[in-house]
Amino acid sequence: MGRYDKITPMLYGANLHKGKIDLIANHKYFVFFIVNNTSNTDYINNELLKFIMAGCESFHFCGKYTPVWKSTLTNLHRQVYPNLKSRLDINTYPDLNEMAAVISECTNEKYFVPTDCYLIYDDDFLYKKVLYSISFGFAQGRKTCKECYRFYDDNACFGVSENDSYAEKCNGYIPAELIDEKDT
């Protein structure tokens, strides 16, 4: 991956450790983090400081280390703006489906101010699952199984097809690279 991937006209994806984002002044930013592998608070401080200094006020977290990122962001924001009652908006999501739904809403909304959404991740597999949910699941009103992230219909999770190249869900499919070994 280069600096970042342009997913839609408003949505960009960047690997937390490899990607680079140049933030522009006078923009509104929604920043979504998938944080399943990164818990070093010094590293987190450096990453979040870029967004705070660019005026970002909307942060969204999902993953194993969400509590660490959320508390680090809160403390860092207090240090940077000790006397300011800011409009800092911090959201956490217990699963990827909820985060994907919010990303979908943000990218489909019309804004008066130039707006960008960033999906920053430290787990390639979960990143691909979120992208798949955004592209296929929520765009078509489908839901995904919280266990395997595949589509389901009438509360039934269908599992893997005979040739294991795709999982059949709601007449959709999941590319083979998104299927966990535990699913086969």
# chains A, B, ... in the order shown; residues from 1 in each chain; ligands from 1
>>> residues_around(residues="Asn46 in chain A", least_positions_apart="2", cutoff="12 Å", atoms="only C-alpha atoms", output="ChimeraX atom specification")
/A:16-17,40-44,48-53,69,72-73,76
>>> select_by_dssp(residues="range 7-152 of chain A", states="alpha helix (DSSP H)", output="MDAnalysis selection string")
chainID A and resid 41:53 66:80 96:108 124:132
>>> write_last_selection(atoms="C-alpha atoms", output="PDB file, in the first residue's frame")
ATOM      1  CA  THR A  41       0.683   4.729  24.421  1.00  0.00           C
ATOM      2  CA  ASP A  42       3.655   6.752  23.123  1.00  0.00           C
ATOM      3  CA  TYR A  43       2.916   5.611  19.586  1.00  0.00           C
ATOM      4  CA  ILE A  44      -0.819   6.263  20.086  1.00  0.00           C
ATOM      5  CA  ASN A  45      -0.080   9.792  21.406  1.00  0.00           C
ATOM      6  CA  ASN A  46       1.967  10.625  18.301  1.00  0.00           C
ATOM      7  CA  GLU A  47      -0.716   9.342  15.938  1.00  0.00           C
ATOM      8  CA  LEU A  48      -3.630  11.049  17.663  1.00  0.00           C
ATOM      9  CA  LEU A  49      -1.772  14.338  18.087  1.00  0.00           C
ATOM     10  CA  LYS A  50      -1.699  14.796  14.296  1.00  0.00           C
ATOM     11  CA  PHE A  51      -5.477  14.632  14.157  1.00  0.00           C
ATOM     12  CA  ILE A  52      -6.061  16.850  17.188  1.00  0.00           C
ATOM     13  CA  MET A  53      -3.715  19.515  15.822  1.00  0.00           C
ATOM     14  CA  THR A  66     -10.248   0.555  22.015  1.00  0.00           C
ATOM     15  CA  PRO A  67     -10.133   1.429  25.757  1.00  0.00           C
ATOM     16  CA  VAL A  68      -6.410   2.286  25.553  1.00  0.00           C
ATOM     17  CA  TRP A  69      -6.921   4.511  22.499  1.00  0.00           C
ATOM     18  CA  LYS A  70      -9.970   6.217  23.986  1.00  0.00           C
ATOM     19  CA  SER A  71      -8.297   7.043  27.313  1.00  0.00           C
ATOM     20  CA  THR A  72      -5.109   8.180  25.558  1.00  0.00           C
ATOM     21  CA  LEU A  73      -7.134  10.475  23.285  1.00  0.00           C
ATOM     22  CA  THR A  74      -9.033  11.965  26.224  1.00  0.00           C
ATOM     23  CA  ASN A  75      -5.827  12.641  28.191  1.00  0.00           C
ATOM     24  CA  LEU A  76      -3.986  14.035  25.168  1.00  0.00           C
ATOM     25  CA  HIS A  77      -6.863  16.346  24.290  1.00  0.00           C
ATOM     26  CA  ARG A  78      -6.879  17.721  27.856  1.00  0.00           C
ATOM     27  CA  GLN A  79      -3.129  18.388  27.615  1.00  0.00           C
ATOM     28  CA  VAL A  80      -3.391  20.173  24.264  1.00  0.00           C
ATOM     29  CA  LEU A  96     -17.249  -4.117  13.121  1.00  0.00           C
ATOM     30  CA  ASN A  97     -20.818  -4.118  11.807  1.00  0.00           C
ATOM     31  CA  GLU A  98     -21.792  -1.095  13.863  1.00  0.00           C
ATOM     32  CA  MET A  99     -18.674   0.784  12.809  1.00  0.00           C
ATOM     33  CA  ALA A 100     -19.270  -0.079   9.141  1.00  0.00           C
ATOM     34  CA  ALA A 101     -22.838   1.229   9.395  1.00  0.00           C
ATOM     35  CA  VAL A 102     -21.615   4.576  10.783  1.00  0.00           C
ATOM     36  CA  ILE A 103     -18.913   4.831   8.102  1.00  0.00           C
ATOM     37  CA  SER A 104     -21.593   4.234   5.490  1.00  0.00           C
ATOM     38  CA  GLU A 105     -23.772   6.966   6.974  1.00  0.00           C
ATOM     39  CA  CYS A 106     -20.875   9.454   7.155  1.00  0.00           C
ATOM     40  CA  THR A 107     -19.799   8.880   3.572  1.00  0.00           C
ATOM     41  CA  ASN A 108     -23.351   9.165   2.225  1.00  0.00           C
ATOM     42  CA  ASP A 124      -5.534  -6.112   7.455  1.00  0.00           C
ATOM     43  CA  PHE A 125      -8.094  -8.882   7.864  1.00  0.00           C
ATOM     44  CA  LEU A 126     -10.529  -6.749   9.900  1.00  0.00           C
ATOM     45  CA  TYR A 127     -10.003  -3.839   7.514  1.00  0.00           C
ATOM     46  CA  LYS A 128     -11.085  -6.008   4.574  1.00  0.00           C
ATOM     47  CA  LYS A 129     -14.130  -7.179   6.500  1.00  0.00           C
ATOM     48  CA  VAL A 130     -15.200  -3.592   7.189  1.00  0.00           C
ATOM     49  CA  LEU A 131     -14.707  -2.657   3.539  1.00  0.00           C
ATOM     50  CA  TYR A 132     -16.742  -5.643   2.472  1.00  0.00           C
TER      51      TYR A 132
END
>>> residues_around(residues="range 21-31 of chain A", least_positions_apart="5", cutoff="12 Å", atoms="only C-alpha atoms", output="ChimeraX atom specification")
/A:2-6,10-16,47-62,88-92,99,102-107,109-121
>>> write_last_selection(atoms="N, CA and C atoms", output="compact mmCIF listing (two decimals), in the first residue's frame")
# COMPACT_ATOMS: atom_id res chain seq x y z
N GLY A 2 0.43 2.27 -0.65
CA GLY A 2 1.13 3.54 -0.64
C GLY A 2 0.78 4.31 0.61
N ARG A 3 0.64 5.60 0.46
CA ARG A 3 0.33 6.45 1.60
C ARG A 3 -1.06 6.15 2.14
N TYR A 4 -2.03 6.03 1.24
CA TYR A 4 -3.40 5.70 1.62
C TYR A 4 -4.14 5.19 0.40
N ASP A 5 -5.28 4.56 0.62
CA ASP A 5 -6.13 4.08 -0.46
C ASP A 5 -7.38 4.96 -0.51
N LYS A 6 -7.76 5.39 -1.70
CA LYS A 6 -9.01 6.12 -1.86
C LYS A 6 -10.10 5.09 -2.13
N MET A 10 -15.09 10.26 -0.57
CA MET A 10 -14.90 10.84 0.77
C MET A 10 -14.16 9.95 1.74
N LEU A 11 -13.97 8.68 1.42
CA LEU A 11 -13.41 7.71 2.36
C LEU A 11 -12.03 7.24 1.91
N TYR A 12 -11.08 7.32 2.84
CA TYR A 12 -9.71 6.89 2.59
C TYR A 12 -9.32 5.84 3.62
N GLY A 13 -8.54 4.87 3.22
CA GLY A 13 -8.03 3.85 4.13
C GLY A 13 -6.53 3.96 4.23
N ALA A 14 -6.01 3.78 5.45
CA ALA A 14 -4.56 3.84 5.64
C ALA A 14 -4.14 2.87 6.73
N ASN A 15 -3.06 2.15 6.46
CA ASN A 15 -2.49 1.28 7.46
C ASN A 15 -1.83 2.15 8.52
N LEU A 16 -2.13 1.88 9.78
CA LEU A 16 -1.62 2.68 10.89
C LEU A 16 -0.11 2.79 10.88
N GLU A 47 0.27 9.47 17.02
CA GLU A 47 -0.72 9.34 15.94
C GLU A 47 -1.92 10.25 16.17
N LEU A 48 -2.44 10.25 17.37
CA LEU A 48 -3.63 11.05 17.66
C LEU A 48 -3.35 12.54 17.67
N LEU A 49 -2.13 12.92 18.05
CA LEU A 49 -1.77 14.34 18.09
C LEU A 49 -1.91 14.99 16.71
N LYS A 50 -1.57 14.27 15.66
CA LYS A 50 -1.70 14.80 14.30
C LYS A 50 -3.14 15.21 14.01
N PHE A 51 -4.07 14.36 14.43
CA PHE A 51 -5.48 14.63 14.16
C PHE A 51 -6.02 15.76 15.04
N ILE A 52 -5.61 15.78 16.28
CA ILE A 52 -6.06 16.85 17.19
C ILE A 52 -5.56 18.20 16.68
N MET A 53 -4.30 18.26 16.29
CA MET A 53 -3.71 19.51 15.82
C MET A 53 -4.32 19.98 14.50
N ALA A 54 -4.88 19.05 13.73
CA ALA A 54 -5.54 19.42 12.47
C ALA A 54 -6.99 19.83 12.70
N GLY A 55 -7.43 19.78 13.96
CA GLY A 55 -8.79 20.21 14.28
C GLY A 55 -9.83 19.11 14.24
N CYS A 56 -9.40 17.87 14.15
CA CYS A 56 -10.34 16.75 14.13
C CYS A 56 -11.05 16.65 15.48
N GLU A 57 -12.37 16.48 15.44
CA GLU A 57 -13.16 16.40 16.66
C GLU A 57 -13.97 15.11 16.74
N SER A 58 -13.94 14.29 15.71
CA SER A 58 -14.77 13.08 15.68
C SER A 58 -13.90 11.84 15.51
N PHE A 59 -13.82 11.06 16.58
CA PHE A 59 -12.99 9.85 16.60
C PHE A 59 -13.87 8.63 16.87
N HIS A 60 -13.59 7.55 16.15
CA HIS A 60 -14.36 6.33 16.28
C HIS A 60 -13.39 5.16 16.41
N PHE A 61 -13.64 4.28 17.39
CA PHE A 61 -12.72 3.17 17.65
C PHE A 61 -13.45 1.84 17.70
N CYS A 62 -12.80 0.81 17.17
CA CYS A 62 -13.30 -0.56 17.27
C CYS A 62 -12.07 -1.47 17.35
N LEU A 88 -15.19 17.54 21.39
CA LEU A 88 -14.60 16.25 21.07
C LEU A 88 -15.66 15.16 21.12
N ASP A 89 -15.75 14.42 20.03
CA ASP A 89 -16.75 13.36 19.90
C ASP A 89 -16.00 12.03 19.78
N ILE A 90 -16.14 11.19 20.81
CA ILE A 90 -15.47 9.89 20.81
C ILE A 90 -16.53 8.80 20.83
N ASN A 91 -16.45 7.92 19.86
CA ASN A 91 -17.40 6.81 19.76
C ASN A 91 -16.64 5.49 19.74
N THR A 92 -17.19 4.50 20.43
CA THR A 92 -16.60 3.16 20.41
C THR A 92 -17.68 2.18 19.95
N MET A 99 -19.60 -0.21 13.36
CA MET A 99 -18.67 0.78 12.81
C MET A 99 -18.90 0.95 11.31
N VAL A 102 -21.88 3.15 10.56
CA VAL A 102 -21.61 4.58 10.78
C VAL A 102 -20.74 5.14 9.67
N ILE A 103 -19.75 4.38 9.22
CA ILE A 103 -18.91 4.83 8.10
C ILE A 103 -19.79 5.05 6.87
N SER A 104 -20.68 4.11 6.62
CA SER A 104 -21.59 4.23 5.49
C SER A 104 -22.43 5.50 5.59
N GLU A 105 -22.96 5.76 6.77
CA GLU A 105 -23.77 6.97 6.97
C GLU A 105 -22.94 8.23 6.74
N CYS A 106 -21.74 8.27 7.30
CA CYS A 106 -20.87 9.45 7.16
C CYS A 106 -20.52 9.72 5.70
N THR A 107 -20.23 8.68 4.96
CA THR A 107 -19.80 8.88 3.57
C THR A 107 -20.97 9.16 2.64
N GLU A 109 -23.57 11.14 3.61
CA GLU A 109 -24.12 12.42 4.04
C GLU A 109 -23.53 13.54 3.19
N LYS A 110 -24.30 14.60 3.01
CA LYS A 110 -23.83 15.80 2.30
C LYS A 110 -23.45 16.85 3.34
N TYR A 111 -22.26 17.42 3.22
CA TYR A 111 -21.75 18.41 4.17
C TYR A 111 -21.50 19.73 3.48
N PHE A 112 -21.63 20.84 4.24
CA PHE A 112 -21.36 22.17 3.70
C PHE A 112 -19.85 22.44 3.68
N VAL A 113 -19.15 21.88 4.62
CA VAL A 113 -17.71 22.06 4.74
C VAL A 113 -17.03 20.86 4.07
N PRO A 114 -15.90 21.06 3.40
CA PRO A 114 -15.19 19.90 2.84
C PRO A 114 -14.93 18.86 3.94
N THR A 115 -15.30 17.62 3.67
CA THR A 115 -15.26 16.57 4.68
C THR A 115 -14.58 15.32 4.13
N ASP A 116 -13.75 14.72 4.98
CA ASP A 116 -13.09 13.46 4.64
C ASP A 116 -13.26 12.48 5.79
N CYS A 117 -13.37 11.22 5.44
CA CYS A 117 -13.44 10.14 6.43
C CYS A 117 -12.21 9.26 6.22
N TYR A 118 -11.57 8.91 7.32
CA TYR A 118 -10.40 8.05 7.27
C TYR A 118 -10.65 6.78 8.06
N LEU A 119 -10.35 5.65 7.46
CA LEU A 119 -10.41 4.36 8.13
C LEU A 119 -8.97 3.91 8.30
N ILE A 120 -8.49 3.98 9.53
CA ILE A 120 -7.10 3.67 9.83
C ILE A 120 -7.07 2.35 10.59
N TYR A 121 -6.22 1.46 10.17
CA TYR A 121 -6.27 0.10 10.71
C TYR A 121 -4.89 -0.44 11.03
>>> closest_residue(among="A:Thr38, A:Ser133, A:Ile7, A:Lys18", to="Asp95 in chain A", atoms="only C-alpha atoms")
A:Ser133
>>> select_by_dssp(residues="range 51-109 of chain A", states="strand (DSSP E or B)", output="VMD selection string")
chain A and resid 58 to 62 89 to 93
>>> atom_distance(atom1="CA of Tyr65 in chain A", atom2="CA of Ile34 in chain A")
8.8 Å
>>> atom_distance(atom1="CA of Thr8 in chain A", atom2="CA of Gly63 in chain A")
23.0 Å
>>> atom_distance(atom1="CA of Asn83 in chain A", atom2="CA of Phe33 in chain A")
26.9 Å
